[in-house]
Each structure stands twice: as C-alpha cells, then as structure tokens.
Amino acid sequence: MFGVLLEKTMDGQRYIDWLLSGLGWTLALAFLGWWIAFAIGVVVGIGRTVRSPFFGALARLYVEIFRNIPVLVQMFLWYFVLPELLPSAIGDWIKQVPPPWGSFFPALWCLSLYTAARIAEQVRAGIEALPRGQAEAAAALGLSGYLTYRHVILPQALRLIVPSLTSEVMGIYKNTSVALTIGLMELTAQARQISDATFQTFTAFGAATLIYLALALIAYQTMMLIDKAVRIPGTAPGREAVGADVDDAMLESPLPGTMEAVK
C-alpha cells in the first residue's frame with residue numbers, strides 16, 4: 001500500500017522524501033515554538049498570580065486574547081494582516097522574505113503565542129495549587145517576592161504541572177498542520193501534495209497519520225519520564241506511593257486481626 005512512496009517524482013526525488021521534508025519543518029516548528037511558548041507562558045502565568053493589579057490585568061488580557069481566538073484565524077492575522085498594519089517599509093520587507101521563511105516565521109509566532117496562553121493557565125493552576133504556607137514561610141525567612149517565586153513557588157509548581165503540560169506538547173505538534181494554510185510545506189501539506197500527484201489519498205494521509213501518531217507517542221513517553229524524574233516526593237499515584245513490592249492481595253483483603261475485632 002505504501003509502495004507508491006518509494007516511486008520517483010518528476011524532479012528525481014521519491015515521494016517519501018517529500019514526507020521527510022515536511023516532517024523536518026513540522027519538527028522545527030513544534031520544537032522552537034514549544035520553547036518560546038514555555039518561556040512566555042511561565043512569565044504570563046506568574047503575572048496571573050502576582051498581587052500587582054496592573055501586571056495581573058495585562059497577563060489576563062493576554063490569555064483571554066490568544067486563547068479564545070482560533071489558531072487558524074491567528075495564523076491568517078500574522079501572515080496577511082500584520083504586514084499591512086506595520087509601516088510600509090517594514091511591511092514590504094516582511095512580504096519579500098523568501099519562502100519558506102516567509103511562512104515559517106509567522107507560523108512560529110502564531111503557534112508560540114497561542115500555546116503560551118494555554119501554558120500560562122497551567123502555570124497559574126500549579127502555583128495556586130501550592131499551600132499558602134509556602135509563600136508565608138519564604139516571607140518569614142526574609143525572601144523577596146522575586147526570590148520566593150524563583151526558589152520556592154515556581155520550582156514546585158512546574159513539577160506539579162508536568163502531566164498537564166503533556167497535552168500541550170502533543171497539541172503543538174498537531175497544530176503545526178494549520179501552517180499549510182499560509183504555504184508552509186509541513187507534513188500535512190506534503191501529504192496533500194502527494195495525494196494530488198498520485199491520487200493515492202489514503203496512502204498519503206495514512207502515512208502522515210502514522211507519523212503524527214509516532215510523534216505523539218514519543219512526546220508522551222518523554223514527558224512521562226520527565227514527570228517521574230522531577231516528581232515531588234509524596235505526590236506519586238497510589239500504587240507507586242504504597243510501593244511496588246506490596247502484594248496486591250494485601251491491598252484488596254482486610255487484615256485478619258481487623259476481621260476478628262469486628263466479630
């Protein structure tokens with residue numbers, strides 16, 4: 001079924017080379033976008049929890065704008081509208097950026113800022129999940145607000161939200177497919193190009209689907225390893241907290257002494 005991917009194209013390549021090229025752009029877009037989004041999301045998430053009304057309002061405005069506008073609309077705004085709003089010299093320079101970079105950078109900023117808004121809410125939830133005594137103890141030790149966040153609150157909050165960040169890591173890989181609408185030849189765009197050239201739609205998109213599935217599984221397993229490595233002691237799931245060496249029968253049946261006491 002996938003033999004068509006090994007056939008030669010008109011330019012001397014193979015169709016599988018088109019998929020690999022698209023995979024490269026997908027990985028670059030997702031990898032760079034994730035780290036930009038994580039850096040911005042942490043800053044905005046902290047801003048959502050500080051006492052300053054000004055910074056709190058700015059952080060909330062950012063989240064409400066970028067999280068509630070569909071990513072496809074944001075992609076069009078970055079690519080088509082932004083150059084028209086900037087001064088003509090800058091706008092013309094942006095329009096003249098050669099492909100694929102002319103599509104890559106708008107897609108990168110779009111996915112980064114959109115994902116950052118979602119990460120910010122995860123960070124806010126992680127900070128608010130910590131006991132208030134953590135900040136009070138830091139204040140009692142004489143730590144400033146900056147040092148409290150840096151050394152006490154943020155390290156614990158980030159460790160708590162690793163499982164929820166897993167969905168964001170997997171999501172940014174899937175959202176890269178939206179970049180095809182502005183001309184970036186990422187994985188989905190290459191699959192569509194193969195479909196148009198060979199009329200083997202099922203083969204083209206089936207191969208792309210398997211690649212996306214493999215990326216998602218790799219991201220999931222990686223995040224699970226990170227979660228296990230940085231997990232706060234005492235927050236493990238019930239089975240791990242009890243210990244793997246405890247026999248299942250001991251967990252399921254009551255102790256004999258307890259039964260005798262009940263009788």
# chains A, B, ... in the order shown; residues from 1 in each chain; ligands from 1
>>> residues_around(residues="stretch 171-179 of chain A", least_positions_apart="2", cutoff="9 Å", atoms="only C-alpha atoms", output="MDAnalysis selection string")
chainID A and resid 26:27 29:31 33:34 71:72 75 103:104 106:108 111:112 115 166:169 181:189 212 215:216
>>> select_by_dssp(residues="stretch 114-250 of chain A", states="alpha helix (DSSP H)", output="ChimeraX atom specification")
/A:114-129,132-140,145-148,154-160,162-175,187-198,201-230,238-242,248-250
>>> atom_distance(atom1="atom CA of A:Phe66", atom2="atom CA of A:Val81")
15.9 Å
>>> residues_around(residues="A:Tyr62", least_positions_apart="6", cutoff="12 Å", atoms="only C-alpha atoms", output="list in words")
Ile40, Gly41, Val43, Val44, Gly45, Gly47, Arg48, Phe55, Gly56, Asn68, Ile69, Leu113, Tyr114, Thr115, Ala116, Ala117, Arg118, Ile119, Ala120 and Glu121 of chain A
>>> write_last_selection(atoms="all heavy atoms", output="compact mmCIF listing (two decimals), in the first residue's frame")
# COMPACT_ATOMS: atom_id res chain seq x y z
N ILE A 40 7.38 32.24 27.47
CA ILE A 40 6.35 33.27 27.61
C ILE A 40 5.26 32.83 28.57
O ILE A 40 4.77 33.61 29.39
CB ILE A 40 5.75 33.62 26.23
CG1 ILE A 40 6.84 34.18 25.31
CG2 ILE A 40 4.61 34.61 26.36
CD1 ILE A 40 6.37 34.43 23.89
N GLY A 41 4.87 31.56 28.49
CA GLY A 41 3.80 31.06 29.34
C GLY A 41 4.15 31.11 30.81
O GLY A 41 3.28 31.41 31.65
N VAL A 43 6.18 33.28 32.26
CA VAL A 43 6.14 34.69 32.68
C VAL A 43 4.69 35.16 32.84
O VAL A 43 4.33 35.80 33.83
CB VAL A 43 6.89 35.58 31.66
CG1 VAL A 43 6.72 37.06 32.01
CG2 VAL A 43 8.37 35.21 31.64
N VAL A 44 3.85 34.82 31.86
CA VAL A 44 2.45 35.25 31.93
C VAL A 44 1.72 34.54 33.06
O VAL A 44 0.90 35.14 33.77
CB VAL A 44 1.74 34.99 30.58
CG1 VAL A 44 0.26 35.35 30.67
CG2 VAL A 44 2.41 35.80 29.48
N GLY A 45 2.03 33.26 33.28
CA GLY A 45 1.41 32.52 34.37
C GLY A 45 1.75 33.11 35.72
O GLY A 45 0.90 33.19 36.61
N GLY A 47 2.52 36.26 36.14
CA GLY A 47 1.79 37.52 36.17
C GLY A 47 0.34 37.36 36.57
O GLY A 47 -0.26 38.29 37.15
N ARG A 48 -0.23 36.18 36.31
CA ARG A 48 -1.62 35.93 36.70
C ARG A 48 -1.79 35.76 38.20
O ARG A 48 -2.92 35.78 38.70
CB ARG A 48 -2.13 34.68 35.99
CG ARG A 48 -2.26 34.81 34.49
CD ARG A 48 -3.58 35.41 34.09
NE ARG A 48 -4.62 34.40 34.12
CZ ARG A 48 -5.87 34.62 34.50
NH1 ARG A 48 -6.23 35.80 34.94
NH2 ARG A 48 -6.78 33.66 34.46
N PHE A 55 -0.04 44.25 36.42
CA PHE A 55 0.52 43.08 35.75
C PHE A 55 -0.50 41.94 35.68
O PHE A 55 -0.52 41.18 34.71
CB PHE A 55 1.79 42.62 36.48
CG PHE A 55 2.95 43.55 36.30
CD1 PHE A 55 3.40 44.33 37.35
CD2 PHE A 55 3.59 43.67 35.08
CE1 PHE A 55 4.47 45.19 37.19
CE2 PHE A 55 4.66 44.53 34.91
CZ PHE A 55 5.10 45.29 35.97
N GLY A 56 -1.33 41.81 36.70
CA GLY A 56 -2.37 40.80 36.65
C GLY A 56 -3.34 41.03 35.52
O GLY A 56 -3.76 40.09 34.83
N ASN A 68 -8.63 32.53 23.19
CA ASN A 68 -10.01 32.47 22.73
C ASN A 68 -10.19 32.78 21.25
O ASN A 68 -11.30 32.67 20.74
CB ASN A 68 -10.87 33.44 23.55
CG ASN A 68 -10.97 33.02 25.01
OD1 ASN A 68 -11.13 31.84 25.30
ND2 ASN A 68 -10.85 33.97 25.92
N ILE A 69 -9.13 33.17 20.56
CA ILE A 69 -9.20 33.35 19.11
C ILE A 69 -8.70 32.07 18.46
O ILE A 69 -7.62 31.58 18.79
CB ILE A 69 -8.35 34.55 18.65
CG1 ILE A 69 -8.87 35.84 19.27
CG2 ILE A 69 -8.36 34.67 17.13
CD1 ILE A 69 -8.05 37.06 18.93
N LEU A 113 2.67 31.99 20.56
CA LEU A 113 1.84 32.86 21.39
C LEU A 113 0.52 32.18 21.78
O LEU A 113 0.02 32.37 22.88
CB LEU A 113 1.57 34.18 20.67
CG LEU A 113 2.81 35.03 20.39
CD1 LEU A 113 2.44 36.29 19.63
CD2 LEU A 113 3.53 35.38 21.68
N TYR A 114 -0.03 31.40 20.87
CA TYR A 114 -1.26 30.66 21.18
C TYR A 114 -1.01 29.62 22.27
O TYR A 114 -1.76 29.52 23.25
CB TYR A 114 -1.79 29.99 19.92
CG TYR A 114 -2.95 29.05 20.17
CD1 TYR A 114 -4.23 29.53 20.39
CD2 TYR A 114 -2.75 27.67 20.17
CE1 TYR A 114 -5.29 28.67 20.62
CE2 TYR A 114 -3.80 26.79 20.39
CZ TYR A 114 -5.06 27.30 20.62
OH TYR A 114 -6.10 26.43 20.86
N THR A 115 0.06 28.84 22.12
CA THR A 115 0.37 27.81 23.11
C THR A 115 0.79 28.43 24.43
O THR A 115 0.51 27.87 25.50
CB THR A 115 1.48 26.89 22.57
OG1 THR A 115 1.10 26.40 21.27
CG2 THR A 115 1.70 25.71 23.50
N ALA A 116 1.47 29.59 24.38
CA ALA A 116 1.89 30.25 25.62
C ALA A 116 0.71 30.63 26.48
O ALA A 116 0.78 30.55 27.72
CB ALA A 116 2.72 31.49 25.28
N ALA A 117 -0.40 31.04 25.86
CA ALA A 117 -1.59 31.39 26.63
C ALA A 117 -2.14 30.17 27.37
O ALA A 117 -2.60 30.27 28.51
CB ALA A 117 -2.66 31.97 25.71
N ARG A 118 -2.07 29.01 26.75
CA ARG A 118 -2.54 27.79 27.41
C ARG A 118 -1.58 27.34 28.51
O ARG A 118 -2.00 26.91 29.58
CB ARG A 118 -2.70 26.68 26.36
CG ARG A 118 -3.73 27.02 25.27
CD ARG A 118 -3.79 25.93 24.21
NE ARG A 118 -4.12 24.65 24.78
CZ ARG A 118 -5.36 24.20 24.98
NH1 ARG A 118 -6.38 24.96 24.63
NH2 ARG A 118 -5.57 23.01 25.50
N ILE A 119 -0.28 27.48 28.26
CA ILE A 119 0.70 27.12 29.28
C ILE A 119 0.57 28.06 30.48
O ILE A 119 0.74 27.64 31.63
CB ILE A 119 2.12 27.16 28.68
CG1 ILE A 119 2.28 26.06 27.64
CG2 ILE A 119 3.17 27.02 29.77
CD1 ILE A 119 3.61 26.09 26.91
N ALA A 120 0.29 29.33 30.23
CA ALA A 120 0.15 30.29 31.32
C ALA A 120 -0.94 29.86 32.30
O ALA A 120 -0.78 29.99 33.53
CB ALA A 120 -0.17 31.68 30.76
N GLU A 121 -2.03 29.34 31.79
CA GLU A 121 -3.09 28.87 32.67
C GLU A 121 -2.67 27.63 33.45
O GLU A 121 -3.06 27.44 34.60
CB GLU A 121 -4.36 28.58 31.86
CG GLU A 121 -5.06 29.83 31.35
CD GLU A 121 -5.51 30.72 32.51
OE1 GLU A 121 -6.56 30.44 33.10
OE2 GLU A 121 -4.78 31.68 32.83
>>> closest_residue(among="A:Val42, A:Val50, A:Leu5, A:Glu64", to="A:Gln200", atoms="only C-alpha atoms")
A:Leu5
>>> closest_residue(among="A:Pro131, A:Gly206, A:Pro155, A:Gly145", to="A:Phe2", atoms="only C-alpha atoms")
A:Gly206
>>> atom_distance(atom1="atom CA of A:Thr49", atom2="atom CA of A:Met170")
26.1 Å
>>> atom_distance(atom1="atom CA of A:Ala89", atom2="atom CA of A:Gln74")
22.9 Å
>>> closest_residue(among="A:Lys8, A:Phe202, A:Leu154, A:Tyr15", to="A:Ala125", atoms="only C-alpha atoms")
A:Leu154
>>> decode(residues="stretch 7-58 of chain A", atoms="C-alpha atoms", output="short mmCIF file (atom, residue, chain, number, x, y, z; two decimals), in the first residue's frame")
data_model
loop_
_atom_site.label_atom_id
_atom_site.label_comp_id
_atom_site.auth_asym_id
_atom_site.auth_seq_id
_atom_site.Cartn_x
_atom_site.Cartn_y
_atom_site.Cartn_z
CA GLU A 7 8.32 5.87 -6.55
CA LYS A 8 10.24 8.63 -8.29
CA THR A 9 8.77 12.11 -8.67
CA MET A 10 9.20 14.38 -11.66
CA ASP A 11 12.14 16.14 -10.00
CA GLY A 12 14.02 12.88 -9.38
CA GLN A 13 13.15 12.55 -5.71
CA ARG A 14 10.88 9.99 -4.10
CA TYR A 15 7.53 10.77 -2.57
CA ILE A 16 8.81 9.65 0.79
CA ASP A 17 11.42 12.40 0.53
CA TRP A 18 8.56 14.90 0.37
CA LEU A 19 7.16 13.46 3.60
CA LEU A 20 10.54 13.59 5.30
CA SER A 21 10.98 17.21 4.22
CA GLY A 22 7.57 18.04 5.65
CA LEU A 23 8.44 16.17 8.85
CA GLY A 24 11.55 18.31 9.22
CA TRP A 25 9.55 21.54 9.02
CA THR A 26 6.96 20.14 11.43
CA LEU A 27 9.64 19.22 13.98
CA ALA A 28 11.39 22.59 13.65
CA LEU A 29 8.13 24.48 14.02
CA ALA A 30 6.96 22.45 17.02
CA PHE A 31 10.32 22.34 18.82
CA LEU A 32 11.14 26.04 18.53
CA GLY A 33 7.53 27.01 19.12
CA TRP A 34 7.34 24.96 22.31
CA TRP A 35 10.35 26.59 23.96
CA ILE A 36 9.23 30.09 23.02
CA ALA A 37 5.74 29.28 24.29
CA PHE A 38 7.07 27.79 27.52
CA ALA A 39 9.21 30.86 28.29
CA ILE A 40 6.35 33.27 27.61
CA GLY A 41 3.80 31.06 29.34
CA VAL A 42 5.81 30.90 32.57
CA VAL A 43 6.14 34.69 32.68
CA VAL A 44 2.45 35.25 31.93
CA GLY A 45 1.41 32.52 34.37
CA ILE A 46 3.39 34.22 37.14
CA GLY A 47 1.79 37.52 36.17
CA ARG A 48 -1.62 35.93 36.70
CA THR A 49 -0.78 35.28 40.36
CA VAL A 50 1.14 38.39 41.46
CA ARG A 51 -0.52 40.97 43.69
CA SER A 52 0.02 43.86 41.26
CA PRO A 53 -3.34 44.68 39.62
CA PHE A 54 -1.56 46.14 36.58
CA PHE A 55 0.52 43.08 35.75
CA GLY A 56 -2.37 40.80 36.65
CA ALA A 57 -4.64 42.63 34.21
CA LEU A 58 -2.04 42.52 31.43
#
